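Structure file work-v5.cif; described as mmCIF, C-alpha atoms.
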data_run
loop_
_atom_site.label_atom_id
_atom_site.label_comp_id
_atom_site.auth_asym_id
_atom_site.auth_seq_id
_atom_site.Cartn_x
_atom_site.Cartn_y
_atom_site.Cartn_z
CA MET A 1 140.09 92.78 152.49
CA ASN A 2 140.58 91.57 156.03
CA PRO A 3 137.76 92.88 158.29
CA PHE A 4 140.08 93.35 161.29
CA ASN A 5 143.39 94.66 159.90
CA LEU A 6 144.89 94.85 163.39
CA SER A 7 148.18 96.58 164.20
CA VAL A 8 151.13 94.53 165.42
CA GLU A 9 150.46 95.70 168.97
CA GLN A 10 146.81 94.64 168.71
CA LEU A 11 147.85 91.32 167.18
CA ASN A 12 150.17 90.65 170.12
CA SER A 13 147.29 91.24 172.52
CA LYS A 14 145.07 88.96 170.46
CA ALA A 15 147.76 86.25 170.46
CA ARG A 16 147.90 86.29 174.25
CA ALA A 17 144.11 85.92 174.38
CA VAL A 18 144.34 82.99 171.96
CA ARG A 19 146.99 81.33 174.12
CA ARG A 20 144.77 81.62 177.21
CA ARG A 21 141.95 80.00 175.25
CA ILE A 22 144.30 77.18 174.22
CA ILE A 23 145.08 76.40 177.87
CA HIS A 24 141.39 76.30 178.82
CA LEU A 25 140.47 74.34 175.69
CA ASN A 26 143.02 71.58 176.17
CA ALA A 27 142.51 71.38 179.93
CA GLY A 28 138.83 70.66 179.35
CA SER A 29 139.24 68.09 176.59
CA PRO A 30 138.29 64.50 177.47
CA ALA A 31 140.61 63.18 174.74
CA GLY A 32 143.72 65.23 175.39
CA GLY A 33 145.17 67.74 172.96
CA HIS A 34 148.35 68.95 171.30
CA THR A 35 149.23 71.87 173.54
CA GLY A 36 152.80 72.36 172.33
CA ALA A 37 151.84 72.40 168.65
CA ASP A 38 148.87 74.68 169.32
CA LEU A 39 151.04 77.25 171.07
CA SER A 40 153.88 77.31 168.55
CA GLN A 41 151.73 78.50 165.66
CA VAL A 42 149.77 81.25 167.44
CA GLU A 43 151.51 84.27 165.91
CA ILE A 44 151.25 82.81 162.42
CA VAL A 45 147.54 81.97 162.48
CA THR A 46 146.61 85.12 164.43
CA ALA A 47 148.40 87.34 161.91
CA LEU A 48 146.64 85.59 159.05
CA TYR A 49 143.10 85.82 160.41
CA PHE A 50 143.32 89.26 161.98
CA ARG A 51 145.34 91.10 159.33
CA LEU A 52 146.38 89.25 156.19
CA LEU A 53 143.69 86.90 154.88
CA ASN A 54 141.05 88.21 152.51
CA CYS A 55 138.24 86.32 154.24
CA ALA A 56 135.60 86.84 156.90
CA PRO A 57 132.96 84.86 158.83
CA ASP A 58 130.19 86.20 156.57
CA ARG A 59 132.11 85.28 153.40
CA THR A 60 132.75 81.56 153.88
CA GLU A 61 131.12 80.79 150.51
CA ASP A 62 132.65 83.74 148.65
CA SER A 63 134.49 82.36 145.63
CA THR A 64 137.06 85.17 145.82
CA ARG A 65 138.05 84.59 149.47
CA ASP A 66 141.58 83.55 150.40
CA ILE A 67 141.93 79.95 151.55
CA TYR A 68 143.74 78.86 154.72
CA ILE A 69 144.62 75.19 155.21
CA GLN A 70 145.80 73.84 158.55
CA SER A 71 147.91 70.95 157.25
CA LYS A 72 149.30 70.15 160.71
CA GLY A 73 145.81 69.08 161.68
CA HIS A 74 146.77 67.86 165.14
CA ALA A 75 147.23 71.54 166.13
CA VAL A 76 143.53 72.13 165.55
CA GLY A 77 143.00 73.38 169.11
CA GLY A 78 144.93 76.56 168.43
CA TYR A 79 143.16 76.90 165.07
CA TYR A 80 139.74 76.64 166.74
CA CYS A 81 140.68 79.31 169.28
CA VAL A 82 141.60 81.73 166.48
CA LEU A 83 138.41 80.95 164.54
CA ALA A 84 136.31 81.57 167.66
CA GLU A 85 138.10 84.87 168.36
CA ALA A 86 137.45 85.90 164.76
CA GLY A 87 133.73 85.10 165.00
CA TYR A 88 133.47 82.03 162.78
CA PHE A 89 131.50 80.18 165.45
CA PRO A 90 130.27 80.91 169.00
CA GLU A 91 132.90 80.99 171.73
CA SER A 92 130.53 78.80 173.76
CA TRP A 93 131.53 75.89 171.51
CA LEU A 94 135.11 75.84 172.76
CA PRO A 95 134.41 73.90 176.01
CA THR A 96 132.90 71.12 173.87
CA TYR A 97 136.26 70.40 172.17
CA GLN A 98 136.49 66.64 171.47
CA HIS A 99 133.31 65.88 173.43
CA ALA A 100 130.72 63.55 171.90
CA ASP A 101 128.84 65.12 168.96
CA SER A 102 130.91 68.31 169.21
CA HIS A 103 131.32 70.74 166.34
CA LEU A 104 135.02 70.72 167.31
CA PRO A 105 136.59 67.29 166.73
CA GLY A 106 140.23 66.43 167.34
CA HIS A 107 141.24 67.21 163.75
CA PRO A 108 139.71 69.73 161.33
CA VAL A 109 136.50 68.57 159.63
CA LYS A 110 134.97 70.95 157.10
CA HIS A 111 131.32 69.90 157.45
CA LYS A 112 131.44 70.21 161.24
CA THR A 113 133.25 73.50 161.87
CA PRO A 114 132.48 76.84 160.20
CA GLY A 115 135.61 78.37 158.70
CA VAL A 116 137.49 75.09 158.21
CA GLU A 117 138.37 74.70 154.52
CA LEU A 118 139.74 71.15 154.47
CA ASN A 119 139.70 67.95 156.53
CA THR A 120 143.28 67.34 157.67
CA GLY A 121 145.11 65.18 160.17
CA ALA A 122 146.88 62.63 158.03
CA LEU A 123 150.13 64.52 157.60
CA GLY A 124 151.26 65.49 154.13
CA HIS A 125 147.76 66.02 152.73
CA GLY A 126 147.29 69.77 153.21
CA LEU A 127 149.97 71.03 150.84
CA PRO A 128 148.99 68.83 147.86
CA VAL A 129 145.36 69.99 148.16
CA ALA A 130 146.50 73.60 148.54
CA VAL A 131 148.44 73.21 145.29
CA GLY A 132 145.31 71.94 143.56
CA ILE A 133 143.25 74.88 144.83
CA ALA A 134 145.96 77.31 143.70
CA ILE A 135 146.01 75.75 140.21
CA ALA A 136 142.21 76.05 140.00
CA ALA A 137 142.39 79.71 141.05
CA LYS A 138 144.93 80.37 138.30
CA LYS A 139 142.73 78.70 135.68
CA GLU A 140 139.72 80.72 136.82
CA GLY A 141 141.64 84.01 136.80
CA SER A 142 140.89 84.43 140.49
CA SER A 143 142.94 86.80 142.66
CA ARG A 144 142.61 84.52 145.69
CA LYS A 145 145.68 83.36 147.58
CA VAL A 146 146.12 79.99 149.24
CA PHE A 147 147.97 79.79 152.56
CA VAL A 148 148.97 76.49 154.16
CA VAL A 149 150.73 75.86 157.48
CA THR A 150 152.75 72.67 157.72
CA GLY A 151 154.61 71.17 160.64
CA ASP A 152 158.33 70.57 160.27
CA GLY A 153 158.01 66.91 161.26
CA GLU A 154 155.33 66.68 158.58
CA LEU A 155 157.92 67.49 155.92
CA ALA A 156 159.20 63.90 156.16
CA GLU A 157 156.11 62.98 154.11
CA GLY A 158 157.10 62.68 150.45
CA SER A 159 153.74 64.02 149.25
CA ASN A 160 154.91 67.52 150.27
CA TRP A 161 157.85 67.37 147.90
CA GLU A 162 155.76 66.05 145.02
CA ALA A 163 153.45 69.00 145.63
CA ALA A 164 156.40 71.38 145.65
CA LEU A 165 157.45 70.12 142.19
CA VAL A 166 153.97 70.80 140.85
CA ALA A 167 153.74 74.23 142.51
CA ALA A 168 157.01 75.35 140.94
CA HIS A 169 156.19 73.85 137.55
CA TYR A 170 152.92 75.78 137.32
CA GLY A 171 154.34 79.01 138.74
CA LEU A 172 151.88 79.15 141.62
CA ASP A 173 152.73 82.60 142.95
CA ASN A 174 149.31 82.57 144.65
CA LEU A 175 150.52 79.83 147.04
CA ILE A 176 152.17 80.65 150.38
CA ILE A 177 153.57 77.73 152.38
CA ILE A 178 154.43 78.44 156.01
CA ASN A 179 156.58 75.87 157.82
CA ASP A 180 155.96 75.97 161.58
CA ARG A 181 159.53 75.00 162.32
CA ASN A 182 159.48 74.26 166.05
CA LYS A 183 162.09 71.49 165.63
CA LEU A 184 160.16 68.96 167.74
CA GLN A 185 157.65 66.24 166.89
CA LEU A 186 155.88 63.41 168.67
CA ALA A 187 158.92 61.49 169.87
CA GLY A 188 161.69 64.08 169.94
CA ALA A 189 163.79 66.38 167.78
CA THR A 190 163.01 66.39 164.06
CA SER A 191 166.75 66.46 163.36
CA GLU A 192 167.09 63.06 165.04
CA ILE A 193 163.93 61.42 163.70
CA MET A 194 164.12 62.57 160.07
CA ASN A 195 166.55 65.37 159.36
CA THR A 196 165.33 67.79 156.66
CA GLU A 197 168.38 70.05 156.69
CA PRO A 198 169.37 72.03 154.76
CA LEU A 199 165.67 72.92 154.59
CA ALA A 200 165.87 76.29 152.85
CA GLU A 201 168.15 74.92 150.17
CA LYS A 202 165.80 71.98 149.57
CA TRP A 203 162.83 74.26 148.88
CA GLN A 204 164.99 76.47 146.67
CA ALA A 205 166.19 73.45 144.70
CA PHE A 206 162.55 72.63 143.95
CA GLY A 207 162.11 76.11 142.49
CA LEU A 208 160.36 77.99 145.30
CA ASN A 209 161.19 81.33 146.92
CA VAL A 210 162.29 80.90 150.54
CA THR A 211 162.10 83.51 153.30
CA GLU A 212 162.71 82.96 157.00
CA CYS A 213 161.18 84.74 159.96
CA ALA A 214 161.06 84.59 163.75
CA GLY A 215 157.77 82.73 163.94
CA ASN A 216 156.90 83.76 167.50
CA ASP A 217 157.71 87.43 166.88
CA MET A 218 154.56 89.08 165.54
CA ALA A 219 156.37 91.97 163.86
CA SER A 220 158.67 89.54 162.06
CA VAL A 221 155.75 87.35 160.93
CA VAL A 222 153.73 90.30 159.63
CA SER A 223 156.65 92.01 157.90
CA THR A 224 157.72 88.78 156.22
CA LEU A 225 154.26 87.80 154.97
CA GLU A 226 153.55 91.31 153.73
CA ASN A 227 156.81 91.56 151.79
CA LEU A 228 157.15 88.21 150.03
CA PRO A 229 159.01 88.06 146.71
CA ALA A 230 156.76 88.57 143.68
CA ASN A 231 158.59 86.86 140.84
CA GLY A 232 156.13 84.29 139.56
CA ARG A 233 157.19 81.55 141.97
CA PRO A 234 155.45 79.96 144.98
CA ASN A 235 156.63 81.26 148.35
CA VAL A 236 157.80 79.28 151.35
CA VAL A 237 158.20 80.96 154.74
CA ILE A 238 160.27 79.04 157.26
CA ALA A 239 158.86 80.32 160.54
CA ASN A 240 161.36 79.51 163.28
CA THR A 241 159.23 78.89 166.35
CA GLU A 242 159.42 77.17 169.73
CA LYS A 243 157.03 74.40 170.57
CA GLY A 244 154.82 75.46 173.46
CA TYR A 245 155.88 79.10 173.12
CA GLY A 246 154.51 81.43 175.78
CA VAL A 247 154.43 79.05 178.74
CA SER A 248 157.83 78.41 180.33
CA PHE A 249 157.22 74.86 181.58
CA ILE A 250 155.76 73.75 178.23
CA GLN A 251 158.14 75.57 175.89
CA SER A 252 160.62 73.44 173.91
CA LYS A 253 159.62 70.20 175.66
CA ALA A 254 158.77 67.27 173.37
CA GLU A 255 156.57 65.62 176.01
CA TRP A 256 154.00 68.39 175.50
CA HIS A 257 153.32 67.28 171.94
CA HIS A 258 150.26 65.37 173.15
CA ARG A 259 149.79 66.48 176.72
CA VAL A 260 147.38 68.94 178.33
CA PRO A 261 147.73 71.11 181.45
CA LYS A 262 146.11 69.79 184.59
CA GLY A 263 145.53 71.02 188.13
CA GLU A 264 148.00 73.67 189.21
CA GLU A 265 149.54 73.75 185.72
CA ILE A 266 146.43 75.49 184.40
CA MET A 267 146.71 78.35 186.89
CA LEU A 268 150.47 78.67 186.37
CA ALA A 269 150.08 78.83 182.58
CA LEU A 270 147.31 81.43 182.75
CA GLU A 271 149.38 83.52 185.16
CA GLU A 272 152.21 83.65 182.60
CA LEU A 273 149.75 84.61 179.86
CA LYS A 274 148.11 87.57 181.60
CA ASP A 275 147.87 90.78 179.61
CA GLU A 276 150.99 92.86 180.08
#
As structure tokens, the full file:
Amino acid sequence: MNPFNLSVEQLNSKARAVRRRIIHLNAGSPAGGHTGADLSQVEIVTALYFRLLNCAPDRTEDSTRDIYIQSKGHAVGGYYCVLAEAGYFPESWLPTYQHADSHLPGHPVKHKTPGVELNTGALGHGLPVAVGIAIAAKKEGSSRKVFVVTGDGELAEGSNWEAALVAAHYGLDNLIIINDRNKLQLAGATSEIMNTEPLAEKWQAFGLNVTECAGNDMASVVSTLENLPANGRPNVVIANTEKGYGVSFIQSKAEWHHRVPKGEEIMLALEELKDE
């Protein structure tokens, strides 16, 4: 059971709070941050931790807990903000993001940050490990589910497609892959750097169920994840998002992949993210 089980309205409010934390977090980082990637995934990760995942801060060693893997490890800032909101570690840690000896390094590190399940950052690693965990859960007769969020630029890594073959072969219906499809990566549009279209058809050809949702619409995210096909196959959700969603001057701009708000930008972003 999820200890929060928030309504869609409550989740929307929580997402706005997470976005404000992201602005503060990245603005205070001495090593920069990935503001655009952090913001694009907010609805997805918020819905998981505050409604859908069978896990809790006091159950981090529970062998029956669901597993979440942040495969797009560069978007760890947004992940940290959700974990802090959910009580996995003190909110007072957030201003230490990427400072020396911080519990919050620039990519997820399991032994440093409570709640983190896997060290990620090298793209294409999260999904293969998630597949291994899902296979182990099947062998153990565990009811746990394994959720993994990938970037869409990350899908150029061949290791993801090898993992997809294995997931389909073993019928891993306990695996849910969520593509944060914001259509931008470090240097520009994913369609220009390494086109993965037709993406849905590719996943289907590998033997996985594919569902699409509006990834920055909380109701769409929740409805989709709560009503996935149950036919013995792994599930892929293509979450159509916008990079930097929620802040007009960051949204859909590739230059915010590895840029943080400064000076007046901080105030302007927070003004846009006030509670409605």
Exercise. Do you know which residues the PyMOL selection byres ((chain A and resi 63) around 12) returns on this file, as JSON, numbers by chain?
Worked result: {"A": [54, 55, 59, 60, 61, 62, 64, 65, 66, 67, 133, 136, 137, 140, 141, 142, 143, 144, 145]}
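CA of Gly215 in chain A lies 27.2 Å from CA of Gly28 in chain A.
Taking CA of Tyr88 in chain A and CA of Ile250 in chain A as the two end points, the separation is 28.4 Å.
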Exercise. Which one is closest to Asp38 in chain A: A:Thr241, A:Ser220, A:Ser92, A:Ser191? Count all atoms listed in the file.
Worked result: A:Thr241
Problem set entry | Selection result of the PyMOL selection byres ((chain A and resi 125) around 12) on this file, as JSON, numbers by chain | {"A": [69, 70, 71, 72, 73, 118, 119, 120, 121, 122, 123, 124, 126, 127, 128, 129, 130, 131, 132, 148, 149, 150, 151, 154, 155, 157, 158, 159, 160, 161, 162, 163]}
Take the residues that were just selected and, keeping C-alpha atoms, output them as a PDB file, in the coordinates of the input.
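selection.pdb, written as the output of this step:
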ATOM      1  CA  ILE A  69     144.620  75.190 155.210  1.00  0.00           C
ATOM      2  CA  GLN A  70     145.800  73.840 158.550  1.00  0.00           C
ATOM      3  CA  SER A  71     147.910  70.950 157.250  1.00  0.00           C
ATOM      4  CA  LYS A  72     149.300  70.150 160.710  1.00  0.00           C
ATOM      5  CA  GLY A  73     145.810  69.080 161.680  1.00  0.00           C
ATOM      6  CA  LEU A 118     139.740  71.150 154.470  1.00  0.00           C
ATOM      7  CA  ASN A 119     139.700  67.950 156.530  1.00  0.00           C
ATOM      8  CA  THR A 120     143.280  67.340 157.670  1.00  0.00           C
ATOM      9  CA  GLY A 121     145.110  65.180 160.170  1.00  0.00           C
ATOM     10  CA  ALA A 122     146.880  62.630 158.030  1.00  0.00           C
ATOM     11  CA  LEU A 123     150.130  64.520 157.600  1.00  0.00           C
ATOM     12  CA  GLY A 124     151.260  65.490 154.130  1.00  0.00           C
ATOM     13  CA  GLY A 126     147.290  69.770 153.210  1.00  0.00           C
ATOM     14  CA  LEU A 127     149.970  71.030 150.840  1.00  0.00           C
ATOM     15  CA  PRO A 128     148.990  68.830 147.860  1.00  0.00           C
ATOM     16  CA  VAL A 129     145.360  69.990 148.160  1.00  0.00           C
ATOM     17  CA  ALA A 130     146.500  73.600 148.540  1.00  0.00           C
ATOM     18  CA  VAL A 131     148.440  73.210 145.290  1.00  0.00           C
ATOM     19  CA  GLY A 132     145.310  71.940 143.560  1.00  0.00           C
ATOM     20  CA  VAL A 148     148.970  76.490 154.160  1.00  0.00           C
ATOM     21  CA  VAL A 149     150.730  75.860 157.480  1.00  0.00           C
ATOM     22  CA  THR A 150     152.750  72.670 157.720  1.00  0.00           C
ATOM     23  CA  GLY A 151     154.610  71.170 160.640  1.00  0.00           C
ATOM     24  CA  GLU A 154     155.330  66.680 158.580  1.00  0.00           C
ATOM     25  CA  LEU A 155     157.920  67.490 155.920  1.00  0.00           C
ATOM     26  CA  GLU A 157     156.110  62.980 154.110  1.00  0.00           C
ATOM     27  CA  GLY A 158     157.100  62.680 150.450  1.00  0.00           C
ATOM     28  CA  SER A 159     153.740  64.020 149.250  1.00  0.00           C
ATOM     29  CA  ASN A 160     154.910  67.520 150.270  1.00  0.00           C
ATOM     30  CA  TRP A 161     157.850  67.370 147.900  1.00  0.00           C
ATOM     31  CA  GLU A 162     155.760  66.050 145.020  1.00  0.00           C
ATOM     32  CA  ALA A 163     153.450  69.000 145.630  1.00  0.00           C
TER      33      ALA A 163
END
Problem set entry | Å distance separating CA of His107 in chain A from CA of Gly77 in chain A, one decimal place | 8.4 Å
Exercise. Mind telling me what the PyMOL selection byres ((chain A and resi 179-185) around 7) catches here, as a VMD selection string?
Worked result: chain A and resid 40 to 41 149 to 153 177 to 178 186 to 190 237 to 243 254 257
